[in-house]
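Q: Take this structure first; my questions come after.
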Amino acid sequence: MNIPVKTMHAAEVAERASRAREAQGVWTRYSLTQRVRAIRGFWDALQRERGRLAALIHEETGKPMAEVEFMELDAAALILKHLTRNAHRVLQEQAVPLPWLMLNKRAYVRYVPRGVVALITPWNMPFLIPFCDMVPALLAGNAVILKPSEWTTRVALYLEDRARASGFFPEGLVQVVVGDGEAGAEVLKHADMVLFTGSTATGRKVAAAAGERLIPCVLELGGKHAMILAKDAPLERAAKAAVWGRFANSGQLCVGVEVCLVHEAVYADFCARLEVELAALRPGPAGEPEQDLGGLILAAQLDVVERHLEDAREKGARVVGGEVDRANAAVTPAVVFEAKPEMLVMREETFGPVLAVMAVRRVEEALVIANAGRHGLAASVWSRDLERAAEWASLLEAGLVSVNDVLIHYAACALPFGGMKDSGVGRRHGDQGLRMFCEEQSIVVHEWPSQLPDPWWFPYGRLKTRILSWLAWLT
Ligand code: NAD
């Protein structure tokens, strides 16, 4: 079981921030090619110790080794490759067109590093999230202060240590601040930008602190993935997707499927398939490649799971699984059949191994239920009619929508990743996920004639004003 670390003092955080600022002053003078080379070199160094890193992630989280390998490490490799291959295209100066009235001038946008970027991260993906946010921040020329969850600091400290030991970065470019929310709040006093990943409740506090200092703030928050099944849904794939989409990482995924809204014509068939898939999940042997299920990373999450299951039972649901073992902070995967919109499991993020299933009369009814909540991170539509499915998908109020698929967006990193409504502000990944770590500096160069004033400068006059209006109208 993880125990929280001691929180760093304010003075220590300030000292780290000032070292980061100094290191950034050096790093910003590296060319982009040098930065790309350094980051690739760092990744190669991590790869040489992949076994050690994988074991550490497994130890810290208890997640199955298969998930450590492909969800934490292989997904990071995909993102690193995408970012390093595209960095030049995205971060190079971009020429922009001007109205022909300004044909004697030239304009372009420069991408200037922000300075010290704070990454505040949760406990569910202790390597993937910090590493994949660190890479674009560094490519853009910033220093990084990572404040990992107080429940999973070992992987973060390992990253800091390997970054220092690799010799690819100026001393202090990548630093970790450990501690709880107080340490996070201290980091915010020094950063020039924050990318926060965590709960919606904390996101609001981070946004308020960033607003106070007027620093940019990107928020990646909680979700409530509704999976909508039409009557022509491919049921075999859908049942497997629901079980993987819910119980991978023990349900502790922001994009994880939380609710299935199933057309009544296929509800019984889908539920029967779910039970078969559920029974086939293998909880062990721990640490072996065949293990499907890990435990809860954070014991406190058990309280939410228990509260949601009790509430569902009280309100008449049939619950399969969900046996709680308090002593070991464990719970068996649970499916809540005959769920109703008023149940907690349908309204609040569970972020644990509990899947709610509800029958609906029409897909349109499912869309209303899916859009009713305040979350808007991920959702999916399941139908063999891809055209209709795309239409329904367009009606979902979620940032990450899939048709006949789940949990794929993060690794498809050319796509912007983030949520609508209470699930976030801004997007990581995609081109903007790299550019957001820069100030955009707009530059205009007057080229010719070098001596003459522009016609809209003083002195004004009736004829000149008319000619200018006419030219502007023509432009
Ligand atoms: P959390 O909000 O409790 O904590 C997140 C981080 O914020 C931690 O490092 C914590 O120490 C820090 N923190 C707490 N108070 C702070 C404050 N006042 N100022 C600055 N930092 C503060 O979240 P959690 O329990 O670690 O993570 C689970 C949540 O994260 C879930 O809601 C999940 O959906 C969400 N999540 C979202 C994404 C995404 O990409 N949208 C990804 C993973 C997890």
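To be explicit about the labels: the chains of the structure tokens are called A, B, and onward in the order shown, and within each one the residues are counted from 1, while ligands get numbers from 1 in the order they are shown.
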What does the list of residues within 6 Å of ligand 1 look like if you count only C-alpha atoms and all ligand atoms, written as a PDB file with N, CA and C atoms, in the first residue's frame?

A:
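The result, written out as out.pdb:
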```
ATOM      1  N   ILE A 120       1.378  19.094 -12.767  1.00  0.00           N
ATOM      2  CA  ILE A 120       0.824  18.516 -11.534  1.00  0.00           C
ATOM      3  C   ILE A 120       0.017  17.295 -11.953  1.00  0.00           C
ATOM      4  N   THR A 121       0.383  16.136 -11.404  1.00  0.00           N
ATOM      5  CA  THR A 121      -0.141  14.890 -11.982  1.00  0.00           C
ATOM      6  C   THR A 121      -0.786  13.986 -10.932  1.00  0.00           C
ATOM      7  N   PRO A 122      -1.655  13.054 -11.393  1.00  0.00           N
ATOM      8  CA  PRO A 122      -2.360  12.148 -10.480  1.00  0.00           C
ATOM      9  C   PRO A 122      -1.593  10.838 -10.278  1.00  0.00           C
ATOM     10  N   TRP A 123      -2.234   9.883  -9.608  1.00  0.00           N
ATOM     11  CA  TRP A 123      -1.540   8.645  -9.232  1.00  0.00           C
ATOM     12  C   TRP A 123      -1.830   7.481 -10.176  1.00  0.00           C
ATOM     13  N   LYS A 147       5.149  17.946 -10.104  1.00  0.00           N
ATOM     14  CA  LYS A 147       4.613  17.677  -8.763  1.00  0.00           C
ATOM     15  C   LYS A 147       3.711  16.463  -8.928  1.00  0.00           C
ATOM     16  N   PRO A 148       4.278  15.261  -8.674  1.00  0.00           N
ATOM     17  CA  PRO A 148       3.462  14.053  -8.844  1.00  0.00           C
ATOM     18  C   PRO A 148       2.503  13.896  -7.668  1.00  0.00           C
ATOM     19  N   SER A 149       1.570  12.973  -7.815  1.00  0.00           N
ATOM     20  CA  SER A 149       0.680  12.684  -6.682  1.00  0.00           C
ATOM     21  C   SER A 149       1.525  12.248  -5.494  1.00  0.00           C
ATOM     22  N   GLU A 150       1.098  12.660  -4.308  1.00  0.00           N
ATOM     23  CA  GLU A 150       1.810  12.264  -3.089  1.00  0.00           C
ATOM     24  C   GLU A 150       1.749  10.753  -2.876  1.00  0.00           C
ATOM     25  N   ASP A 180       1.886  16.943  -0.895  1.00  0.00           N
ATOM     26  CA  ASP A 180       0.458  16.927  -1.207  1.00  0.00           C
ATOM     27  C   ASP A 180       0.023  18.218  -1.913  1.00  0.00           C
ATOM     28  N   GLY A 181      -1.249  18.557  -1.769  1.00  0.00           N
ATOM     29  CA  GLY A 181      -1.781  19.744  -2.428  1.00  0.00           C
ATOM     30  C   GLY A 181      -1.060  21.032  -2.041  1.00  0.00           C
ATOM     31  N   GLY A 184       1.774  21.405  -4.216  1.00  0.00           N
ATOM     32  CA  GLY A 184       1.279  21.802  -5.538  1.00  0.00           C
ATOM     33  C   GLY A 184       0.989  23.294  -5.568  1.00  0.00           C
ATOM     34  N   ALA A 185       0.353  23.782  -4.500  1.00  0.00           N
ATOM     35  CA  ALA A 185       0.014  25.208  -4.438  1.00  0.00           C
ATOM     36  C   ALA A 185       1.283  26.061  -4.407  1.00  0.00           C
ATOM     37  N   THR A 197      -3.350  17.647 -14.242  1.00  0.00           N
ATOM     38  CA  THR A 197      -4.177  16.469 -14.496  1.00  0.00           C
ATOM     39  C   THR A 197      -4.641  15.941 -13.151  1.00  0.00           C
ATOM     40  N   GLY A 198      -5.936  15.822 -12.975  1.00  0.00           N
ATOM     41  CA  GLY A 198      -6.449  15.333 -11.696  1.00  0.00           C
ATOM     42  C   GLY A 198      -7.947  15.514 -11.631  1.00  0.00           C
ATOM     43  N   SER A 199      -8.459  15.614 -10.418  1.00  0.00           N
ATOM     44  CA  SER A 199      -9.915  15.681 -10.241  1.00  0.00           C
ATOM     45  C   SER A 199     -10.449  17.069 -10.593  1.00  0.00           C
ATOM     46  N   THR A 202     -10.070  19.616  -7.611  1.00  0.00           N
ATOM     47  CA  THR A 202      -8.748  20.251  -7.476  1.00  0.00           C
ATOM     48  C   THR A 202      -8.479  21.164  -8.668  1.00  0.00           C
ATOM     49  N   LYS A 205      -9.408  24.653  -8.039  1.00  0.00           N
ATOM     50  CA  LYS A 205      -8.478  25.400  -7.168  1.00  0.00           C
ATOM     51  C   LYS A 205      -7.248  25.824  -7.967  1.00  0.00           C
ATOM     52  N   VAL A 206      -6.771  24.922  -8.803  1.00  0.00           N
ATOM     53  CA  VAL A 206      -5.582  25.227  -9.605  1.00  0.00           C
ATOM     54  C   VAL A 206      -5.897  26.381 -10.570  1.00  0.00           C
ATOM     55  N   GLU A 220      -6.766  18.918 -17.270  1.00  0.00           N
ATOM     56  CA  GLU A 220      -7.222  17.611 -17.768  1.00  0.00           C
ATOM     57  C   GLU A 220      -7.870  16.908 -16.586  1.00  0.00           C
ATOM     58  N   LEU A 221      -9.209  16.837 -16.573  1.00  0.00           N
ATOM     59  CA  LEU A 221      -9.912  16.457 -15.344  1.00  0.00           C
ATOM     60  C   LEU A 221     -10.688  15.139 -15.487  1.00  0.00           C
ATOM     61  N   GLY A 222     -11.599  14.922 -14.559  1.00  0.00           N
ATOM     62  CA  GLY A 222     -12.293  13.641 -14.498  1.00  0.00           C
ATOM     63  C   GLY A 222     -13.251  13.387 -15.655  1.00  0.00           C
ATOM     64  N   GLY A 223     -13.724  12.149 -15.748  1.00  0.00           N
ATOM     65  CA  GLY A 223     -14.621  11.796 -16.851  1.00  0.00           C
ATOM     66  C   GLY A 223     -15.677  10.795 -16.422  1.00  0.00           C
ATOM     67  N   CYS A 254      -9.243   7.964 -16.481  1.00  0.00           N
ATOM     68  CA  CYS A 254     -10.182   9.074 -16.678  1.00  0.00           C
ATOM     69  C   CYS A 254     -11.098   8.821 -17.872  1.00  0.00           C
TER      70      CYS A 254
END
```

Q: Fewer than 2 positions away in the same chain doesn't count, so skip those; otherwise give me all residues within 9 Å of Val331 of chain A, counting only C-alpha atoms, as a list of chain:residue names.

A: A:Gly295, A:Leu296, A:Leu302, A:Val305, A:Glu306, A:Gly321, A:Gly322, A:Glu323, A:Val324, A:Asp325, A:Arg326, A:Asn328, A:Ala329, A:Pro333, A:Ala334, A:Pro353

Q: Write out, as an mmCIF file, in the first residue's frame, the residues just selected, with C-alpha atoms.

A:
```
data_model
loop_
_atom_site.group_PDB
_atom_site.id
_atom_site.type_symbol
_atom_site.label_atom_id
_atom_site.label_comp_id
_atom_site.auth_asym_id
_atom_site.auth_seq_id
_atom_site.Cartn_x
_atom_site.Cartn_y
_atom_site.Cartn_z
ATOM 1 C CA GLY A 295 -5.701 -3.923 -7.425
ATOM 2 C CA LEU A 296 -6.660 -0.405 -6.450
ATOM 3 C CA LEU A 302 -12.400 1.926 -1.998
ATOM 4 C CA VAL A 305 -16.500 2.226 -4.825
ATOM 5 C CA GLU A 306 -18.339 1.004 -1.718
ATOM 6 C CA GLY A 321 -19.020 -9.014 -8.166
ATOM 7 C CA GLY A 322 -17.990 -6.077 -6.031
ATOM 8 C CA GLU A 323 -16.865 -8.079 -2.975
ATOM 9 C CA VAL A 324 -14.901 -5.681 -0.817
ATOM 10 C CA ASP A 325 -11.843 -6.831 1.113
ATOM 11 C CA ARG A 326 -11.111 -3.911 3.450
ATOM 12 C CA ASN A 328 -6.279 -5.649 1.605
ATOM 13 C CA ALA A 329 -7.966 -2.552 0.186
ATOM 14 C CA PRO A 333 -14.707 -6.198 -10.492
ATOM 15 C CA ALA A 334 -18.368 -5.267 -10.288
ATOM 16 C CA PRO A 353 -13.705 -1.305 -11.084
#
```

Q: Name the closest residue to Leu78 of chain A among the candidates A:Val112, A:Cys413, A:Ala241, A:Leu274; distances are taken between atoms, counting only C-alpha atoms.

A: A:Cys413

Q: Please provide as a list of chain:residue names all residues within 10 Å of Val218 of chain A, with the sequence filter that same-chain residues fewer than 5 positions apart are discarded (counting only C-alpha atoms).

A: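 Listing them by chain and then by number gives A:Leu119, A:Met193, A:Val194, A:Leu195, A:Phe196, A:Thr197, A:Gly203, A:Val206, A:Ala207, A:Ala210, A:Gly418, A:Gly424, A:Val425, A:Gly426, A:Arg427, A:Arg428, A:Gly433, A:Met436.
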
Q: So which bits of segment 8-218 of chain A end up strand (DSSP E or B) when you DSSP the backbone, as a PyMOL selection string?

A: chain A and resi 94-96+105-113+116-120+143-147+174-176+193-197+217-218

Q: Quick one: of A:Arg154, A:Arg164, A:His9, A:Arg37, who's nearest to Leu139 of chain A, counting only C-alpha atoms?

A: A:Arg37

Q: Please, which residues of segment 57-167 of chain A, numbered as in this document, come out alpha helix (DSSP H) from DSSP, as a short mmCIF file (atom, residue, chain, number, x, y, z; two decimals) with N, CA and C atoms, in the first residue's frame?

A:
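Below is the file that was written, selection.cif:
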```
data_model
loop_
_atom_site.label_atom_id
_atom_site.label_comp_id
_atom_site.auth_asym_id
_atom_site.auth_seq_id
_atom_site.Cartn_x
_atom_site.Cartn_y
_atom_site.Cartn_z
N ILE A 57 7.26 0.71 -11.73
CA ILE A 57 5.85 1.12 -11.95
C ILE A 57 4.93 0.04 -11.38
N HIS A 58 5.28 -1.21 -11.64
CA HIS A 58 4.46 -2.33 -11.14
C HIS A 58 4.41 -2.31 -9.61
N GLU A 59 5.58 -2.13 -9.01
CA GLU A 59 5.64 -2.11 -7.53
C GLU A 59 4.81 -0.97 -6.96
N GLU A 60 4.92 0.19 -7.60
CA GLU A 60 4.26 1.36 -7.03
C GLU A 60 2.73 1.32 -7.21
N THR A 61 2.28 0.66 -8.27
CA THR A 61 0.84 0.71 -8.58
C THR A 61 0.14 -0.64 -8.46
N MET A 65 1.68 -6.42 -15.36
CA MET A 65 2.86 -6.08 -16.16
C MET A 65 2.48 -5.75 -17.61
N ALA A 66 1.47 -6.44 -18.14
CA ALA A 66 1.06 -6.15 -19.52
C ALA A 66 0.64 -4.69 -19.63
N GLU A 67 -0.08 -4.19 -18.64
CA GLU A 67 -0.52 -2.78 -18.68
C GLU A 67 0.65 -1.83 -18.47
N ALA A 75 2.94 3.22 -24.98
CA ALA A 75 2.18 4.43 -25.34
C ALA A 75 3.11 5.65 -25.28
N ALA A 76 3.99 5.67 -24.27
CA ALA A 76 4.94 6.79 -24.17
C ALA A 76 5.86 6.82 -25.39
N ALA A 77 6.27 5.63 -25.86
CA ALA A 77 7.17 5.57 -27.03
C ALA A 77 6.47 6.16 -28.26
N LEU A 78 5.18 5.82 -28.43
CA LEU A 78 4.43 6.35 -29.58
C LEU A 78 4.38 7.88 -29.53
N ILE A 79 4.13 8.38 -28.33
CA ILE A 79 3.97 9.84 -28.18
C ILE A 79 5.31 10.54 -28.38
N LEU A 80 6.35 9.95 -27.82
CA LEU A 80 7.69 10.53 -27.98
C LEU A 80 8.07 10.60 -29.46
N LYS A 81 7.80 9.51 -30.18
CA LYS A 81 8.15 9.48 -31.61
C LYS A 81 7.37 10.56 -32.35
N HIS A 82 6.08 10.63 -32.08
CA HIS A 82 5.25 11.62 -32.77
C HIS A 82 5.77 13.04 -32.51
N LEU A 83 6.04 13.32 -31.24
CA LEU A 83 6.45 14.68 -30.89
C LEU A 83 7.81 15.03 -31.49
N THR A 84 8.76 14.12 -31.38
CA THR A 84 10.10 14.47 -31.88
C THR A 84 10.11 14.55 -33.41
N ARG A 85 9.26 13.75 -34.07
CA ARG A 85 9.22 13.82 -35.54
C ARG A 85 8.53 15.10 -36.03
N ASN A 86 7.61 15.62 -35.22
CA ASN A 86 6.82 16.77 -35.68
C ASN A 86 7.25 18.10 -35.09
N ALA A 87 8.21 18.06 -34.17
CA ALA A 87 8.57 19.29 -33.43
C ALA A 87 8.99 20.43 -34.38
N HIS A 88 9.80 20.11 -35.37
CA HIS A 88 10.28 21.18 -36.26
C HIS A 88 9.11 21.81 -37.02
N ARG A 89 8.25 20.96 -37.59
CA ARG A 89 7.11 21.49 -38.35
C ARG A 89 6.23 22.38 -37.47
N VAL A 90 6.00 21.94 -36.24
CA VAL A 90 5.05 22.65 -35.38
C VAL A 90 5.67 23.91 -34.76
N LEU A 91 6.94 23.83 -34.38
CA LEU A 91 7.53 24.93 -33.62
C LEU A 91 8.32 25.93 -34.47
N LEU A 128 3.38 7.47 -17.52
CA LEU A 128 2.88 7.95 -18.82
C LEU A 128 2.55 9.45 -18.79
N ILE A 129 1.77 9.87 -17.80
CA ILE A 129 1.32 11.26 -17.81
C ILE A 129 2.49 12.23 -17.56
N PRO A 130 3.28 12.05 -16.51
CA PRO A 130 4.40 12.99 -16.32
C PRO A 130 5.36 13.00 -17.51
N PHE A 131 5.72 11.81 -18.01
CA PHE A 131 6.72 11.77 -19.08
C PHE A 131 6.18 12.40 -20.36
N CYS A 132 4.94 12.06 -20.71
CA CYS A 132 4.40 12.56 -21.99
C CYS A 132 4.03 14.03 -21.94
N ASP A 133 3.92 14.61 -20.76
CA ASP A 133 3.72 16.06 -20.67
C ASP A 133 5.07 16.77 -20.58
N MET A 134 6.04 16.07 -20.01
CA MET A 134 7.38 16.64 -19.88
C MET A 134 8.04 16.81 -21.27
N VAL A 135 7.85 15.81 -22.12
CA VAL A 135 8.54 15.85 -23.43
C VAL A 135 8.15 17.09 -24.25
N PRO A 136 6.87 17.38 -24.46
CA PRO A 136 6.56 18.58 -25.25
C PRO A 136 6.99 19.88 -24.55
N ALA A 137 6.89 19.89 -23.22
CA ALA A 137 7.30 21.11 -22.49
C ALA A 137 8.79 21.36 -22.71
N LEU A 138 9.58 20.29 -22.67
CA LEU A 138 11.03 20.45 -22.88
C LEU A 138 11.34 20.78 -24.34
N LEU A 139 10.68 20.09 -25.27
CA LEU A 139 10.92 20.37 -26.70
C LEU A 139 10.68 21.84 -27.00
N ARG A 154 7.58 7.57 -6.39
CA ARG A 154 8.84 6.88 -6.67
C ARG A 154 9.20 6.90 -8.15
N VAL A 155 8.20 6.71 -9.00
CA VAL A 155 8.48 6.72 -10.45
C VAL A 155 8.95 8.12 -10.87
N ALA A 156 8.31 9.15 -10.29
CA ALA A 156 8.69 10.53 -10.63
C ALA A 156 10.12 10.82 -10.19
N LEU A 157 10.47 10.38 -8.99
CA LEU A 157 11.83 10.63 -8.49
C LEU A 157 12.86 9.86 -9.33
N TYR A 158 12.46 8.69 -9.79
CA TYR A 158 13.35 7.91 -10.67
C TYR A 158 13.59 8.69 -11.98
N LEU A 159 12.50 9.25 -12.52
CA LEU A 159 12.61 10.04 -13.76
C LEU A 159 13.57 11.22 -13.57
N GLU A 160 13.40 11.92 -12.44
CA GLU A 160 14.26 13.08 -12.15
C GLU A 160 15.72 12.63 -12.06
N ASP A 161 15.92 11.52 -11.36
CA ASP A 161 17.28 11.01 -11.17
C ASP A 161 17.90 10.62 -12.52
N ARG A 162 17.11 9.93 -13.37
CA ARG A 162 17.66 9.49 -14.67
C ARG A 162 17.89 10.67 -15.60
N ALA A 163 17.04 11.68 -15.50
CA ALA A 163 17.23 12.87 -16.34
C ALA A 163 18.56 13.54 -15.97
N ARG A 164 18.82 13.61 -14.67
CA ARG A 164 20.07 14.25 -14.21
C ARG A 164 21.26 13.39 -14.65
N ALA A 165 21.15 12.07 -14.40
CA ALA A 165 22.28 11.19 -14.67
C ALA A 165 22.56 11.05 -16.17
N SER A 166 21.55 11.26 -17.00
CA SER A 166 21.74 11.04 -18.45
C SER A 166 22.74 12.03 -19.04
#
```

Q: Using only C-alpha atoms, which of the listed residues (A:Val174, A:Pro453, A:Glu182, A:Gly287) sits closest to Ala54 of chain A?

A: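 Residue with the minimum atom-to-atom distance to Ala54 of chain A: A:Gly287.
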
Q: Report as a Markdown table the residues of segment 189-253 of chain A within 12 Å of segment 20-27 of chain A, each with its shortest atom pair and distance in Å (one decimal), using only C-alpha atoms, ordered by chain and increasing residue number.

A:
```
| residue | atom | partner | partner_atom | distance |
| --- | --- | --- | --- | --- |
| A:His190 | CA | A:Arg21 | CA | 9.6 |
| A:Ala191 | CA | A:Arg21 | CA | 9.4 |
| A:Asp192 | CA | A:Arg21 | CA | 10.0 |
```

Q: I need the chosen residues saved as a CSV table (one decimal), in the first residue's frame, with all heavy atoms.

A:
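Written out: part15.csv:
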```
chain,number,residue,atom,x,y,z
A,190,HIS,N,5.4,29.9,-8.5
A,190,HIS,CA,6.6,30.1,-9.2
A,190,HIS,C,6.5,29.8,-10.7
A,190,HIS,O,7.4,30.3,-11.5
A,190,HIS,CB,7.8,29.3,-8.6
A,190,HIS,CG,7.9,29.6,-7.1
A,190,HIS,ND1,8.6,30.6,-6.6
A,190,HIS,CD2,7.5,28.9,-6.1
A,190,HIS,CE1,8.6,30.6,-5.3
A,190,HIS,NE2,7.9,29.5,-4.9
A,191,ALA,N,5.5,29.0,-11.1
A,191,ALA,CA,5.5,28.6,-12.5
A,191,ALA,C,5.0,29.7,-13.5
A,191,ALA,O,4.3,30.6,-13.1
A,191,ALA,CB,4.6,27.4,-12.6
A,192,ASP,N,5.4,29.5,-14.7
A,192,ASP,CA,5.0,30.4,-15.8
A,192,ASP,C,3.8,29.8,-16.5
A,192,ASP,O,3.2,30.5,-17.4
A,192,ASP,CB,6.1,30.7,-16.8
A,192,ASP,CG,7.3,31.3,-16.0
A,192,ASP,OD1,7.1,32.3,-15.3
A,192,ASP,OD2,8.4,30.8,-16.2
```

Q: For Asn142 of chain A, which residue out of A:Arg35, A:Lys464, A:Ala239, A:Ala472 is the nearest one, using only C-alpha atoms?

A: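 Going through A:Arg35, A:Lys464, A:Ala239, A:Ala472 one by one, the smallest distance to Asn142 of chain A is for A:Arg35.
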
Q: Find the residues near Ala95 of chain A: any atom within 9 Å, counting only C-alpha atoms, skip ones fewer than 3 places away on the same chain, and give them as a PyMOL selection string.

A: chain A and resi 106-109

Q: Give me, please, the distance in Å between atom CA of Gly316 of chain A and atom CA of Phe270 of chain A, quoted to one decimal.

A: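 So the answer is 19.8 Å.
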
Q: Closest to Glu440 of chain A among A:Pro113, A:Gly294, A:Pro97, A:Pro416, using only C-alpha atoms?

A: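 Looking at the shortest contact to Glu440 of chain A, the residue is A:Pro113.
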
Q: What is the atom CA of Arg40 of chain A to atom CA of Thr152 of chain A distance in Å?

A: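 For atom CA of Arg40 of chain A relative to atom CA of Thr152 of chain A, the distance reads 25.2 Å.
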
Q: Which one is closest to Val335 of chain A: A:Lys224, A:Arg246, A:Arg307, A:Lys315? Count only C-alpha atoms.

A: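 Going through A:Lys224, A:Arg246, A:Arg307, A:Lys315 one by one, the smallest distance to Val335 of chain A is for A:Arg246.
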
Q: Might you pull out every residue within 10 Å of segment 388-395 of chain A, with only C-alpha atoms counted and same-chain residues fewer than 4 positions away left off, and present them as a list in words?

A: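 So, after excluding close chain neighbours, the residues are Ile228, Leu229, Ala230, Ala233, Val363, Glu364, Leu367, Val368, Asn371, Ala379, Ser380, Val381, Trp382, Ser383, Arg384, Leu400, Val401, Ser402, Val403 and Asn404 of chain A.
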